[in-house]
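K.L.:
The structure's right below; bear with me while I get my questions together.
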Amino acid sequence: MIVEAIRTPIGKRNGSLAGIHAADLTAVVLRELCSRTGIDPVEVDDVVWGCVTQLGDQSSNIGRFGVLAAGWPETVPAVTVNRACGSSQQAIDQAAHAVMSGAFDLVVAGGVESMSRVPLGAARESGFPYGQTVLERFGVTELAQGPSAELVARHWGLDRGALDAYAAESHRRAAAAADAGAFDDQIVPVSFEGGTLSVDEGLRRGTSVDTLAQLKPSFLDDGTIHAGNSSQISDGAAAILMTTPERAAELGLTPIVRYHSGAVVGDDPVKMLTGPIPATSKVLRRAGLRIDDIGAFEVNEAFASVPLAWLAETGANPDLTNPVGGAIAVGHPLGASGAVLATRLIHHMRDHRIRYGLQTMCEGGGTANATIFELLDETAR
């Protein structure tokens, strides 16, 4: 059961959070978990932390050093996991598995990424990530997400107008949600040299298809994918606290949702971004639910072609999909994004008394996680 879910505001590249080390961003949400729940961190069995580019500032088990930066006791362990963009969703899965098995009864899961300090693609500067054998197996010279997003758009017949309309709607929904106070309870303000950030920094109000039409394609001269219909490079952290019903009662904590079901799949590593489609089918089968049973979806907006292809294949209701905007509008701090999606989804479910919510993430290399949460509220619909 999840008793708290929080996140930092998402900072834009080289923006307000760029001067903050990933361990210190981690510390912000860990300390806030204790403040909100009243738990003594010495009771935490483990911290399972997602991070993608584990180099430089984010190397050497960044989860552990986030625990120490938070001032938590040295006895609290941590592990850092990497399943590409789904790293902190995988962290949630692993924490749930530990609690459900009885191995642990109080676990923190989440993740961090400072893309300003450890740039996307930094791993390629120190080596060749995939190996020649893999490239030869699939008959390609590289495995890159941008060209994969173009492949997805072409396969599903998504033209630039459709992609840009989706991107503009992401900004509109995120702005409406922010104005309605939907993020107020989940965001932990972060102080930086010169001020405090308390809102998602990348939101561009007034974004329209016309303004997006001025941007040049990023990957192909005649392509449809560009900076405006892709996720933003960002900084941020997010964390959830998971426990058993018995331990929650002992600590005086009120569970919000339960981890109902989870699934992970492998899919085409060349298209790469299509994994959420089979992951959704798999998790629904495991849960014994239908797509129409789900009242809210979070489908990570790595590129606009990803949720649009997912919608075309699953038949999900577009109005229920990314109802408060997504990564196109506010950013995609890689290792934190799975927990960011979970935080947005859990709060949206509670605010609107939605019984079931589903989140899914496309991931580099062609894998994908999908998770279903159930609201612990008898009035949920």
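In the structure tokens, the first chain shown is A, the next is B, and so on; residue numbers restart at 1 for each chain, and ligands run from 1 in the order shown.
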Report the residues of region 34-154 of chain A whose backbone DSSP state falls under helix (DSSP H, G or I), written as number ranges by chain.
P.N.:
A: 34-37, 41-43, 56-58, 62-69, 87-101, 122-126, 132-138, 145-154
K.L.:
Quick one: residues within 7 Å of region 333-338 of chain A, only C-alpha atoms, excluding same-chain residues fewer than 4 positions away - as a list in words?
P.N.:
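The neighbour list is Gly50, Cys51, Val52, Cys85, Gly86, Ser87, Ser88, Gln89, Gly110, Gly111, Val112, Glu113, Ser114, Met115, Ile233, Ser234, Asp235, Gly236, Ala237, Ala238 and Ala342 of chain A.
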K.L.:
Using only C-alpha atoms, which of the listed residues (A:Thr80, A:Arg64, A:Thr224, A:Ile10) sits closest to Gly157 (chain A)?
P.N.:
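Among A:Thr80, A:Arg64, A:Thr224, A:Ile10, it is A:Thr224 that comes nearest to Gly157 (chain A).
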K.L.:
With only C-alpha atoms counted and 6 Å as the cut-off, give the residues of region 253-345 of chain A in contact with region 165-181 of chain A, each with its shortest interatomic distance in Å and the pair that gives it, as a Markdown table.
P.N.:
```
| residue | atom | partner | partner_atom | distance |
| --- | --- | --- | --- | --- |
| A:Val324 | CA | A:Ala174 | CA | 4.9 |
| A:Gly325 | CA | A:Ala174 | CA | 4.3 |
| A:Gly326 | CA | A:Ser170 | CA | 6.0 |
| A:Ala329 | CA | A:His171 | CA | 4.7 |
```
K.L.:
Taking only C-alpha atoms into account, name the residue in A:Leu341, A:Ala123, A:Leu289, A:Gly228 that is nearest to Lys216 (chain A).
P.N.:
A:Gly228
K.L.:
To test your reading of the structure, identify every residue in region 82-248 of chain A that backbone DSSP assigns to strand (DSSP E or B), and report it as a list in words.
P.N.:
Arg83, Cys85, Leu106, Val107, Val108, Ala109, Gly110, Gly111, Val112, Glu113, Ser114, Ile187, Val190, Ser191, Phe192, Gly195, Thr196, Leu197, Ser230, Ser234, Asp235, Gly236, Ala237, Ala238, Ala239, Ile240, Leu241, Met242 and Thr243 of chain A
